[in-house]
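J.: I have a structure I would like to understand better, so I am pasting it below and will then ask my questions one at a time.
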Amino acid sequence: MTEMDREADLFYRQLPKVELHAHLNGSVSFETMEKLIARKPHLNIKHSMTAIRNGQHRTLDECFQVFKVIHQLVDSEEDILMVAKAVIQEFAADGVKYLELRSTPREETKTGLSKRRYIESAIEAIRQCKQEDVDIEVRFLVAIDRRNGPEVAMETVKLAEDFMLSSDGLIVGLDLSGDPTVGHGKDLLPALQRAKNCGLKLALHLSEIPSQKEESELLLDLPPDRIGHGTFLHPEVGGSDSLVDKVCKQNIPIELCLTSNVKGQTVPSYDKHHFQYWYERGHPCVLCTDDKGVFCTDLSQEYQLAASTFGLSQEAVWHLSQQAIQCSFAPEAVKQQLEQKWAELRPRVLN
Ligand SMILES: CC(C)=CCNc1ncnc2c1ncn2[C@@H]1O[C@H](COP(=O)(O)O)[C@@H](O)[C@H]1O
Ligand SMILES: [Zn+2]
């Protein structure tokens, strides 16, 4: 590494950052994965089965197989607590000041613990990190796996509602994710509508693959509070002007995950990433990791990658990270504290 590279690297690490799109079980680091593998040697899982290294690519289907392997390793209260604490600490060490973590409570038959306990374990991890003065604000989104259909989705929404009222504001919203080739968003509308009506914010994976125009139209009418990926919304890639109009008129921020999309092959290369399309329009764009463990990345790297690919100045990068504060689901008071933090750090980080 040259002196200039080292300086650039330091800038991205010191840059205060906001992470809004991180799946808990996709964010497990190499070190934590080693511990989990050692705890469950009988599963005979190799680390190569849980991560996609640089230069490697996988089909979307193969990527979703990876989560099945990780879920075998993370299936007890103890595992969830350990994994969530480690993930929060790692984001903090990477300079993330505000994190929205999302995770799917699984069926009790698959984990041996109820969905309620699953969420409680994640909340406990957030509480413990706070107690230990880890320098990061964390909130949680309860995730719906679209594969499990409308009844499970509704059950998850009801659970999230309960927690929203009882978790001291730690649960702020709902995520819709899972294999985009399975199921149809229209079946989940009642659950999502109910979530919205009771004050849960919605972060929905949208148009992650081509040919989901009809579904995206329906979901955009809710409307969601943020969009995950939105890879195929614009007409150049088979989306439509109508979809773009809906996103722009309602000013819905988009969570963009460069490495995830390139490694998952929904985007052919970094320079073809749809970041450029939305960023040029001045639309609110938030850089995120998606699954930092699976895709072997971190948020500093994602910022550096966007800057080098699209020629962003340090000033522009700063603005991008600051803009993410307003896209978060944090209450106003927390947003103000974060703005304050950015203002304090600015003279030290930007030169
Ligand atoms: C396959 C690929 C390119 C992944 C990136 N794009 C994704 N698209 C949709 N859902 C996802 C993605 N990454 C993670 N998830 C969801 O997050 C889960 C893992 O985290 P958790 O168990 O909810 O804590 C996965 O089972 C899946 O439901
Ligand atoms: Zn995602």
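Note on naming: chains are A, B, ... as they come in the structure tokens, residues start from 1 per chain, ligands start from 1 in the order shown.
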Could you list, as a ChimeraX atom specification, every residue within 12 Å of Ser321 (chain A), counting only C-alpha atoms and ignoring same-chain residues fewer than 5 positions away?
T.: /A:12,14-20,95-98,284-288,299-300,302-304,306-307,314-316,326-328,338-339,342,346
J.: For Phe67 (chain A), find every residue with an atom within 8 Å (counting only C-alpha atoms), except residues of its own chain fewer than 4 positions away, and show them as a ChimeraX atom specification.
T.: /A:25-26,50,63,71
J.: Residues at most 6 Å from His23 (chain A), counting only C-alpha atoms, excluding those fewer than 6 positions away in the same chain, as a PyMOL selection string?
T.: chain A and resi 102-103+291
J.: Would you kindly return, as a list in words, each protein, DNA or RNA residue with an atom no farther than 10 Å from any atom of Leu305 (chain A), considering only C-alpha atoms and excluding same-chain residues fewer than 5 positions away?
T.: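 Contacts, with the query itself left out: Leu258, Thr259, Tyr270, Asp271, Leu299, Ser300, Phe310, Gly311 and Leu312 of chain A.
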J.: Taking only C-alpha atoms and all ligand atoms into account, which residues have an atom no farther than 8 Å from ligand 1? I'd like them as JSON, numbers by chain.
T.: {"A": [23, 24, 25, 26, 27, 58, 59, 60, 61, 62, 63, 64, 67, 68, 71, 102, 103, 104, 105, 106, 143, 144, 145, 146, 176, 177, 178, 179, 180, 205, 208, 260, 261, 263, 264, 265, 266, 290, 291]}
J.: Extract, using only C-alpha atoms, all DNA, RNA and protein residues at most 7 Å from region 111-128 of chain A, discarding same-chain residues fewer than 6 positions from it, and format them as a list in words.
T.: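 Near region 111-128 of chain A, the qualifying residues are Asp75, Ser76, Glu77, Ile80, Leu81, Ala84, Lys85, Pro105 and Val138 of chain A.
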